[in-house]
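Asks: Handing over final.tsv, TSV, C-alpha atoms.
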```tsv
chain	number	residue	atom	x	y	z
A	1	MET	CA	-3.78	126.08	-168.79
A	2	SER	CA	-2.60	129.52	-169.93
A	3	ILE	CA	-5.00	131.71	-171.89
A	4	ILE	CA	-2.22	134.16	-172.69
A	5	SER	CA	-1.38	134.06	-176.41
A	6	HIS	CA	1.37	136.65	-176.47
A	7	VAL	CA	3.49	138.84	-174.24
A	8	ILE	CA	5.58	141.95	-174.97
A	9	VAL	CA	8.64	142.47	-172.76
A	10	LYS	CA	10.56	145.75	-172.75
A	11	VAL	CA	14.02	145.67	-171.17
A	12	PRO	CA	16.38	148.62	-170.53
A	13	ALA	CA	20.02	148.89	-171.46
A	14	THR	CA	22.49	148.90	-168.59
A	15	THR	CA	25.88	150.33	-167.76
A	16	ALA	CA	27.98	148.16	-165.47
A	17	ASN	CA	31.11	148.35	-163.30
A	18	LEU	CA	31.01	152.17	-162.89
A	19	GLY	CA	34.77	152.21	-162.43
A	20	PRO	CA	35.77	150.23	-159.31
A	21	GLY	CA	32.56	148.13	-159.09
A	22	PHE	CA	33.78	145.36	-161.36
A	23	ASP	CA	31.16	142.64	-162.02
A	24	CYS	CA	28.92	143.64	-159.10
A	25	ILE	CA	27.16	146.96	-159.78
A	26	GLY	CA	25.16	148.32	-162.67
A	27	ALA	CA	22.48	150.85	-163.54
A	28	ALA	CA	19.54	150.69	-165.94
A	29	LEU	CA	19.34	153.37	-168.64
A	30	GLN	CA	16.43	154.78	-170.63
A	31	LEU	CA	17.36	152.94	-173.82
A	32	TYR	CA	15.43	149.77	-174.66
A	33	ASN	CA	15.05	146.50	-176.53
A	34	GLU	CA	11.52	145.13	-176.95
A	35	PHE	CA	10.58	141.49	-177.45
A	36	LYS	CA	7.18	140.08	-178.45
A	37	PHE	CA	6.55	136.37	-177.83
A	38	THR	CA	3.55	134.81	-179.57
A	39	LEU	CA	2.58	131.17	-179.06
A	40	SER	CA	2.60	129.27	-182.33
A	41	ASP	CA	1.85	125.77	-183.59
A	42	SER	CA	4.72	126.03	-186.06
A	43	LYS	CA	8.46	125.91	-185.53
A	44	LEU	CA	10.54	128.76	-184.12
A	45	CYS	CA	10.27	132.01	-186.07
A	46	ILE	CA	12.34	135.09	-185.20
A	47	LYS	CA	11.79	138.49	-186.80
A	48	ILE	CA	14.13	141.40	-186.10
A	49	HIS	CA	13.66	145.15	-186.65
A	50	GLY	CA	16.07	148.02	-186.09
A	51	LYS	CA	19.66	148.99	-186.69
A	52	GLU	CA	22.10	146.04	-186.68
A	53	ALA	CA	19.21	143.58	-187.20
A	54	GLU	CA	21.31	141.64	-189.71
A	55	LYS	CA	23.82	140.78	-186.94
A	56	VAL	CA	21.28	138.90	-184.80
A	57	GLN	CA	20.81	135.15	-185.21
A	58	THR	CA	17.33	134.01	-186.27
A	59	ASP	CA	17.67	130.31	-185.41
A	60	SER	CA	17.77	128.34	-182.14
A	61	SER	CA	21.19	129.81	-181.29
A	62	ASN	CA	19.56	133.20	-180.65
A	63	LEU	CA	20.26	134.20	-177.03
A	64	ILE	CA	16.67	135.31	-176.44
A	65	TYR	CA	15.37	131.92	-177.50
A	66	GLN	CA	18.08	130.13	-175.52
A	67	ALA	CA	16.95	131.97	-172.37
A	68	PHE	CA	13.32	131.16	-173.23
A	69	VAL	CA	14.25	127.45	-173.46
A	70	LYS	CA	16.25	127.62	-170.20
A	71	LEU	CA	13.13	128.81	-168.39
A	72	TYR	CA	11.17	125.78	-169.56
A	73	GLU	CA	14.05	123.47	-168.71
A	74	ARG	CA	14.07	124.88	-165.18
A	75	ILE	CA	10.36	124.08	-164.73
A	76	ASN	CA	10.72	120.67	-166.45
A	77	LYS	CA	8.41	121.48	-169.35
A	78	THR	CA	8.82	121.29	-173.11
A	79	PRO	CA	9.09	124.77	-174.66
A	80	PRO	CA	6.08	125.63	-176.84
A	81	GLY	CA	6.30	126.77	-180.43
A	82	VAL	CA	6.90	130.51	-180.45
A	83	GLU	CA	7.28	133.46	-182.76
A	84	ILE	CA	9.67	136.11	-181.41
A	85	GLU	CA	9.62	139.65	-182.77
A	86	ILE	CA	12.55	141.82	-181.71
A	87	ASN	CA	12.74	145.62	-181.87
A	88	LEU	CA	16.35	146.67	-181.30
A	89	GLY	CA	17.17	149.92	-179.53
A	90	VAL	CA	20.30	148.87	-177.63
A	91	PRO	CA	23.52	148.69	-179.68
A	92	LEU	CA	25.13	145.25	-179.88
A	93	ALA	CA	28.52	144.42	-178.31
A	94	ARG	CA	29.05	147.98	-177.08
A	95	GLY	CA	29.06	147.57	-173.30
A	96	LEU	CA	25.41	148.53	-172.78
A	97	GLY	CA	24.03	145.16	-171.72
A	98	SER	CA	22.44	144.01	-174.98
A	99	SER	CA	22.96	140.37	-173.98
A	100	ALA	CA	21.35	141.06	-170.59
A	101	THR	CA	18.25	142.45	-172.31
A	102	ALA	CA	18.05	139.24	-174.35
A	103	ILE	CA	18.42	137.00	-171.30
A	104	VAL	CA	15.93	138.93	-169.17
A	105	GLY	CA	13.50	139.25	-172.09
A	106	GLY	CA	13.64	135.54	-172.90
A	107	LEU	CA	13.19	134.45	-169.29
A	108	VAL	CA	10.38	136.89	-168.51
A	109	GLY	CA	8.53	136.09	-171.75
A	110	GLY	CA	8.83	132.36	-171.15
A	111	ASN	CA	7.81	132.63	-167.51
A	112	ILE	CA	4.65	134.59	-168.31
A	113	LEU	CA	3.62	132.22	-171.12
A	114	ALA	CA	4.12	129.32	-168.69
A	115	ASP	CA	1.73	130.95	-166.16
A	116	SER	CA	4.55	132.48	-164.08
A	117	PRO	CA	5.74	129.40	-162.13
A	118	LEU	CA	8.98	131.13	-161.10
A	119	SER	CA	9.12	134.07	-158.70
A	120	ALA	CA	10.97	137.26	-159.61
A	121	GLU	CA	13.82	136.19	-157.32
A	122	GLU	CA	14.07	132.83	-159.10
A	123	VAL	CA	14.06	134.46	-162.54
A	124	ILE	CA	16.85	136.83	-161.47
A	125	LYS	CA	18.89	133.91	-160.14
A	126	LEU	CA	18.49	132.05	-163.44
A	127	ALA	CA	19.45	135.19	-165.38
A	128	ILE	CA	22.67	135.49	-163.36
A	129	GLU	CA	23.43	131.81	-164.02
A	130	ILE	CA	23.10	132.33	-167.77
A	131	GLU	CA	25.01	135.62	-167.91
A	132	GLY	CA	27.71	134.52	-165.45
A	133	HIS	CA	27.70	137.75	-163.44
A	134	PRO	CA	24.96	139.96	-162.00
A	135	ASP	CA	25.95	143.51	-162.91
A	136	ASN	CA	23.82	143.84	-166.07
A	137	VAL	CA	20.93	141.40	-165.66
A	138	VAL	CA	19.94	142.59	-162.17
A	139	PRO	CA	19.37	146.28	-163.03
A	140	ALA	CA	17.87	145.25	-166.38
A	141	PHE	CA	15.26	143.28	-164.44
A	142	LEU	CA	14.76	145.61	-161.46
A	143	GLY	CA	15.69	149.06	-162.80
A	144	GLY	CA	17.68	151.72	-160.97
A	145	CYS	CA	21.21	151.14	-159.76
A	146	GLN	CA	21.75	147.74	-158.16
A	147	LEU	CA	24.55	146.04	-156.22
A	148	ALA	CA	24.71	142.24	-156.07
A	149	ALA	CA	26.80	140.12	-153.70
A	150	THR	CA	26.89	136.41	-152.99
A	151	SER	CA	25.67	135.05	-149.67
A	152	SER	CA	24.66	131.75	-148.07
A	153	ARG	CA	21.21	132.29	-149.64
A	154	GLY	CA	22.73	132.73	-153.09
A	155	TRP	CA	22.54	136.43	-153.89
A	156	GLU	CA	21.84	139.58	-151.93
A	157	ILE	CA	20.51	142.40	-154.12
A	158	CYS	CA	20.89	145.92	-152.76
A	159	PRO	CA	19.46	149.03	-154.45
A	160	VAL	CA	21.93	151.91	-154.64
A	161	LYS	CA	20.67	155.48	-154.45
A	162	TRP	CA	21.52	157.49	-157.56
A	163	HIS	CA	21.22	161.25	-157.08
A	164	SER	CA	18.89	162.79	-159.65
A	165	GLU	CA	21.43	165.48	-160.58
A	166	ILE	CA	24.02	162.94	-161.76
A	167	ILE	CA	23.57	162.63	-165.53
A	168	PRO	CA	24.99	159.59	-167.36
A	169	VAL	CA	26.30	160.43	-170.83
A	170	VAL	CA	27.15	157.48	-173.08
A	171	ALA	CA	29.46	157.76	-176.08
A	172	ILE	CA	28.82	154.78	-178.35
A	173	PRO	CA	31.50	154.26	-181.03
A	174	ASP	CA	30.97	152.70	-184.44
A	175	PHE	CA	33.03	149.61	-183.57
A	176	GLU	CA	32.32	146.57	-181.40
A	177	LEU	CA	34.21	144.96	-178.53
A	178	SER	CA	33.08	141.57	-177.27
A	179	THR	CA	33.01	140.85	-173.55
A	180	SER	CA	35.15	137.75	-174.07
A	181	GLN	CA	37.82	139.82	-175.84
A	182	ALA	CA	37.75	142.44	-173.08
A	183	ARG	CA	38.15	139.74	-170.40
A	184	LYS	CA	41.18	138.21	-172.09
A	185	VAL	CA	43.32	141.26	-171.30
A	186	LEU	CA	42.60	141.14	-167.55
A	187	PRO	CA	45.24	139.77	-165.16
A	188	THR	CA	44.53	136.58	-163.23
A	189	GLU	CA	45.95	138.04	-160.00
A	190	ILE	CA	46.16	141.50	-158.45
A	191	SER	CA	48.26	142.98	-155.67
A	192	ARG	CA	46.99	143.64	-152.17
A	193	ASP	CA	47.51	147.36	-152.75
A	194	ASP	CA	45.26	147.29	-155.80
A	195	ALA	CA	42.61	145.31	-153.91
A	196	ILE	CA	42.64	147.89	-151.11
A	197	PHE	CA	42.51	150.72	-153.66
A	198	ASN	CA	39.39	149.30	-155.31
A	199	ALA	CA	37.66	148.45	-152.04
A	200	SER	CA	38.09	152.01	-150.74
A	201	HIS	CA	37.09	153.64	-154.01
A	202	PHE	CA	34.03	151.43	-154.39
A	203	GLY	CA	32.85	152.37	-150.90
A	204	LEU	CA	33.36	156.01	-151.80
A	205	LEU	CA	31.46	155.52	-155.07
A	206	LEU	CA	28.32	154.35	-153.25
A	207	GLN	CA	28.31	157.47	-151.07
A	208	ALA	CA	29.15	159.74	-154.02
A	209	LEU	CA	26.27	158.43	-156.14
A	210	ALA	CA	23.85	159.01	-153.28
A	211	THR	CA	25.01	162.51	-152.39
A	212	ASN	CA	26.31	164.01	-155.65
A	213	GLN	CA	29.41	165.13	-153.79
A	214	LYS	CA	31.64	166.30	-156.64
A	215	GLU	CA	35.06	165.62	-155.09
A	216	TRP	CA	33.98	162.16	-153.97
A	217	LEU	CA	32.75	161.27	-157.47
A	218	GLN	CA	35.93	162.55	-159.10
A	219	ALA	CA	38.00	160.23	-156.91
A	220	ALA	CA	35.57	157.31	-156.74
A	221	LEU	CA	35.51	156.53	-160.47
A	222	LYS	CA	39.16	155.46	-160.44
A	223	ASP	CA	39.86	151.75	-160.79
A	224	LYS	CA	42.78	149.29	-160.88
A	225	LEU	CA	41.03	145.99	-161.63
A	226	HIS	CA	39.92	146.25	-165.25
A	227	GLN	CA	40.03	149.73	-166.80
A	228	PRO	CA	43.84	150.14	-167.04
A	229	TYR	CA	43.96	146.92	-169.06
A	230	ARG	CA	40.94	147.55	-171.27
A	231	GLN	CA	41.79	151.12	-172.22
A	232	SER	CA	44.27	149.85	-174.82
A	233	LEU	CA	41.36	148.18	-176.66
A	234	ILE	CA	39.58	151.53	-177.08
A	235	PRO	CA	41.31	153.94	-179.51
A	236	GLY	CA	41.27	157.55	-178.38
A	237	TYR	CA	40.38	156.73	-174.77
A	238	ASP	CA	42.82	159.24	-173.25
A	239	ASP	CA	41.72	161.97	-175.66
A	240	VAL	CA	38.05	161.50	-174.81
A	241	GLU	CA	38.75	161.41	-171.07
A	242	SER	CA	40.76	164.64	-171.20
A	243	ALA	CA	37.99	166.35	-173.17
A	244	VAL	CA	35.37	165.13	-170.70
A	245	ILE	CA	37.22	166.51	-167.69
A	246	GLU	CA	37.87	169.82	-169.44
A	247	ALA	CA	34.13	170.06	-170.22
A	248	GLY	CA	33.31	169.84	-166.51
A	249	ALA	CA	32.29	166.22	-166.02
A	250	TYR	CA	33.00	164.42	-162.75
A	251	GLY	CA	34.87	161.73	-164.65
A	252	MET	CA	34.67	158.98	-167.24
A	253	VAL	CA	34.68	155.18	-167.13
A	254	ILE	CA	34.30	152.27	-169.52
A	255	SER	CA	30.68	151.16	-169.72
A	256	GLY	CA	30.64	147.44	-169.01
A	257	ALA	CA	33.34	145.77	-171.07
A	258	GLY	CA	33.35	148.67	-173.55
A	259	PRO	CA	33.87	150.17	-176.00
A	260	THR	CA	31.11	152.60	-174.99
A	261	LEU	CA	32.44	155.27	-172.65
A	262	LEU	CA	30.34	156.64	-169.80
A	263	ALA	CA	30.78	160.16	-168.43
A	264	LEU	CA	29.05	161.29	-165.25
A	265	THR	CA	28.19	164.96	-165.09
A	266	ASP	CA	25.49	167.37	-163.95
A	267	SER	CA	22.70	168.97	-165.95
A	268	ALA	CA	24.56	172.25	-166.39
A	269	HIS	CA	27.59	170.61	-168.00
A	270	SER	CA	25.78	167.84	-169.87
A	271	PRO	CA	25.52	169.60	-173.28
A	272	GLY	CA	29.21	170.51	-173.21
A	273	VAL	CA	30.20	166.96	-172.27
A	274	VAL	CA	28.18	165.56	-175.17
A	275	GLN	CA	29.95	167.89	-177.61
A	276	ALA	CA	33.37	167.21	-176.08
A	277	MET	CA	33.03	163.41	-176.37
A	278	THR	CA	31.77	163.63	-179.94
A	279	CYS	CA	34.57	165.93	-181.08
A	280	ALA	CA	37.36	164.12	-179.24
A	281	TRP	CA	36.57	160.82	-180.90
A	282	ALA	CA	36.03	162.47	-184.28
A	283	LYS	CA	39.56	163.90	-184.09
A	284	VAL	CA	41.00	160.37	-183.99
A	285	GLY	CA	38.74	159.19	-186.82
A	286	ILE	CA	36.00	157.48	-184.80
A	287	THR	CA	32.33	158.20	-185.42
A	288	SER	CA	30.19	157.98	-182.30
A	289	THR	CA	26.68	158.50	-181.04
A	290	VAL	CA	26.69	160.44	-177.78
A	291	LEU	CA	23.54	160.46	-175.66
A	292	PRO	CA	22.69	162.11	-172.34
A	293	LEU	CA	20.40	159.58	-170.67
A	294	SER	CA	18.38	159.15	-167.49
A	295	ILE	CA	18.34	156.23	-165.08
A	296	ASP	CA	15.46	153.83	-165.77
A	297	LEU	CA	13.72	153.20	-162.45
A	298	ASN	CA	11.32	150.46	-163.57
A	299	GLY	CA	13.44	147.75	-165.15
A	300	LYS	CA	11.70	145.23	-167.38
A	301	THR	CA	8.03	145.77	-168.13
A	302	SER	CA	5.56	143.42	-169.76
A	303	GLN	CA	2.17	143.49	-171.50
A	304	MET	CA	0.04	140.43	-172.07
A	305	GLY	CA	-2.59	139.65	-174.66
```
Please render this file's structure as structure tokens.

Replies:
Amino acid sequence: MSIISHVIVKVPATTANLGPGFDCIGAALQLYNEFKFTLSDSKLCIKIHGKEAEKVQTDSSNLIYQAFVKLYERINKTPPGVEIEINLGVPLARGLGSSATAIVGGLVGGNILADSPLSAEEVIKLAIEIEGHPDNVVPAFLGGCQLAATSSRGWEICPVKWHSEIIPVVAIPDFELSTSQARKVLPTEISRDDAIFNASHFGLLLQALATNQKEWLQAALKDKLHQPYRQSLIPGYDDVESAVIEAGAYGMVISGAGPTLLALTDSAHSPGVVQAMTCAWAKVGITSTVLPLSIDLNGKTSQMG
């Protein structure tokens, strides 16, 4: 019988795809959502704090609670009454893995309150099942930059070295873009040439992230699977990209499904890249929040009481 009455789970935002790594690679960022789960004799109660709190469901359709329930279904137990308090720090529907934080938070909170019957590997597998792809939930859980590939065992998770001098800068616009909307514009088939292009550039990306080799990074961020199709959903994309390159960044990609844009640069050029992204979007009438961030190396963390 558990003597734990509550647990606080902190989960980082993530940026996924990184250009050619569609649906398989992602990195955790130092931007967080925090979830507190308290056992209760009463019915479900969800309290939300932070910007965009009014957009989050407070009934059983809430994704955090749905993940919480999925955990108990997996271990064949009835979910207990719970009060969930949410502190939002990750913007919603912006391509920064807000849904992954909810899934990981709900599963980890439920697992701890159930006396941790599932291993970390089992929780990650369940998170991928719920999300449908691994690129956000895996780094949200583990931290760092992570590559996931299917195997006969289910999933192989491979940490990817991220050179400390490579600075991720995120430009978060004041409009949303749902993942489902962003997936609708993707083609159902691609040419062999495009498949070869992405395979070669993804291999180069892994080496470029590890070594901070400027020319490799400049080439490696190119993609032909998803970005050419999604750019039309993001007003001012070309203007922001041109400004980023002129400011000295290695390059720019769509973060996840967008509309957040991710520039990779070094510490010397980071301030100029921040200003360039802000101004470029402002010129086309879009207000944005631009943040130079660091890679989160820890992933989800939890405190029990």

Asks: Write out as an MDAnalysis selection string each polymer residue whose atoms come within 12 Å of Leu205 in chain A, counting all atoms listed in the file; drop sequence neighbours fewer than 3 positions from it.

Replies: chainID A and resid 17:21 25 147 160:163 198:202 208:223 250:251 264

Asks: List every protein, DNA or RNA residue with an atom no more than 12 Å from (0.7, 127.0, -165.7) in the file's coordinates, counting all atoms listed in the file, and format the result as number ranges by chain.

Replies: A: 1-4, 72, 75-77, 110-118

Asks: Go through range 72-128 of chain A residue by residue and, counting all atoms listed in the file, keep those with an atom at most 8 Å from range 48-61 of chain A; for each kept residue give the shortest atom pair and its distance in Å to one decimal, ordered by chain and increasing number, as a tab-separated table.

Replies:
```
residue	atom	partner	partner_atom	distance
A:Glu85	CA	A:Ile48	CA	5.9
A:Ile86	CA	A:Ile48	CA	4.7
A:Asn87	CA	A:His49	CA	4.9
A:Leu88	CA	A:Gly50	CA	5.0
A:Gly89	CA	A:Gly50	CA	6.9
A:Pro91	CA	A:Glu52	CA	7.6
A:Leu92	CA	A:Glu52	CA	7.5
```

Asks: Take CA of Ala140 in chain A and CA of Thr188 in chain A and report the distance between them in Å, one decimal.

Replies: 28.2 Å

Asks: Have a look at CA of Pro80 in chain A and CA of Gly97 in chain A and let me know their distance in Å, one decimal.

Replies: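 Straight-line distance from CA of Pro80 in chain A to CA of Gly97 in chain A works out to 27.0 Å.
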
Asks: Applying 9 Å and only C-alpha atoms, which residues near Arg230 in chain A remain after dropping the ones on its own chain fewer than 3 positions away? List them as a list in words.

Replies: Ala182, Arg183, Val185, Leu186, His226, Gln227, Leu233, Ile234, Ile254, Ala257, Gly258 and Pro259 of chain A

Asks: Tell me, in Å to one decimal, how far CA of Ser242 in chain A is from CA of Ala282 in chain A.

Replies: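 That distance, rounded to one decimal, is 14.1 Å.
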
Asks: Would you pick out the contacts of Gly285 in chain A at 10 Å or less, using only C-alpha atoms, so that residues sharing its chain but fewer than 5 positions from it are not included, and give the list as a PyMOL selection string?

Replies: chain A and resi 235-236+279-280

Asks: Looking at A:Thr179, A:Ser302, A:Ser294, A:Gln207, which one is nearest to Gln30 in chain A, with distances taken over all atoms listed in the file?

Replies: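 Distance minimum relative to Gln30 in chain A lands on A:Ser294.
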
Asks: May I ask which of the residues A:Ser42, A:Ser99, A:Ser178, A:Thr278 is the closest one to Ala67 in chain A, counting all atoms listed in the file?

Replies: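 The closest residue to Ala67 in chain A is A:Ser99.
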
Asks: With 3 Å on each side, where is the centre of the axis-aligned box around all listed atoms of range 192-211 of chain A, and how long are its edges in Å to one decimal, as JSON?

Replies:
```
{"center_x": 35.7, "center_y": 153.1, "center_z": -153.4, "size_x": 29.7, "size_y": 24.9, "size_z": 11.4}
```

Asks: Assuming the input is short of atoms at range 264-283 of chain A, produce N, CA and C atoms for that part as a CSV table (one decimal), in the coordinates of the input.

Replies:
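Saved as out.csv:
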```csv
chain,number,residue,atom,x,y,z
A,264,LEU,N,30.0,160.8,-166.2
A,264,LEU,CA,29.0,161.3,-165.2
A,264,LEU,C,29.2,162.8,-165.1
A,265,THR,N,28.1,163.5,-165.2
A,265,THR,CA,28.2,165.0,-165.1
A,265,THR,C,26.9,165.5,-164.5
A,266,ASP,N,26.7,166.8,-164.4
A,266,ASP,CA,25.5,167.4,-164.0
A,266,ASP,C,24.7,168.0,-165.1
A,267,SER,N,23.5,168.5,-164.9
A,267,SER,CA,22.7,169.0,-166.0
A,267,SER,C,23.3,170.2,-166.6
A,268,ALA,N,24.0,171.0,-165.8
A,268,ALA,CA,24.6,172.2,-166.4
A,268,ALA,C,25.7,172.0,-167.4
A,269,HIS,N,26.5,170.9,-167.1
A,269,HIS,CA,27.6,170.6,-168.0
A,269,HIS,C,27.3,169.6,-169.0
A,270,SER,N,26.1,168.9,-169.0
A,270,SER,CA,25.8,167.8,-169.9
A,270,SER,C,25.9,168.2,-171.4
A,271,PRO,N,25.4,169.3,-171.8
A,271,PRO,CA,25.5,169.6,-173.3
A,271,PRO,C,27.0,169.7,-173.7
A,272,GLY,N,27.8,170.4,-172.9
A,272,GLY,CA,29.2,170.5,-173.2
A,272,GLY,C,30.0,169.2,-173.2
A,273,VAL,N,29.6,168.3,-172.3
A,273,VAL,CA,30.2,167.0,-172.3
A,273,VAL,C,29.8,166.2,-173.5
A,274,VAL,N,28.6,166.2,-173.9
A,274,VAL,CA,28.2,165.6,-175.2
A,274,VAL,C,29.0,166.0,-176.4
A,275,GLN,N,29.2,167.3,-176.5
A,275,GLN,CA,30.0,167.9,-177.6
A,275,GLN,C,31.4,167.5,-177.5
A,276,ALA,N,32.0,167.5,-176.3
A,276,ALA,CA,33.4,167.2,-176.1
A,276,ALA,C,33.7,165.8,-176.5
A,277,MET,N,32.8,164.8,-176.1
A,277,MET,CA,33.0,163.4,-176.4
A,277,MET,C,32.9,163.2,-177.9
A,278,THR,N,31.9,163.8,-178.5
A,278,THR,CA,31.8,163.6,-179.9
A,278,THR,C,33.0,164.1,-180.7
A,279,CYS,N,33.5,165.3,-180.4
A,279,CYS,CA,34.6,165.9,-181.1
A,279,CYS,C,35.9,165.2,-180.8
A,280,ALA,N,36.1,164.8,-179.6
A,280,ALA,CA,37.4,164.1,-179.2
A,280,ALA,C,37.5,162.8,-180.0
A,281,TRP,N,36.5,162.0,-180.1
A,281,TRP,CA,36.6,160.8,-180.9
A,281,TRP,C,36.7,161.1,-182.4
A,282,ALA,N,36.0,162.1,-182.9
A,282,ALA,CA,36.0,162.5,-184.3
A,282,ALA,C,37.5,162.8,-184.7
A,283,LYS,N,38.2,163.5,-183.8
A,283,LYS,CA,39.6,163.9,-184.1
A,283,LYS,C,40.5,162.7,-184.3
```
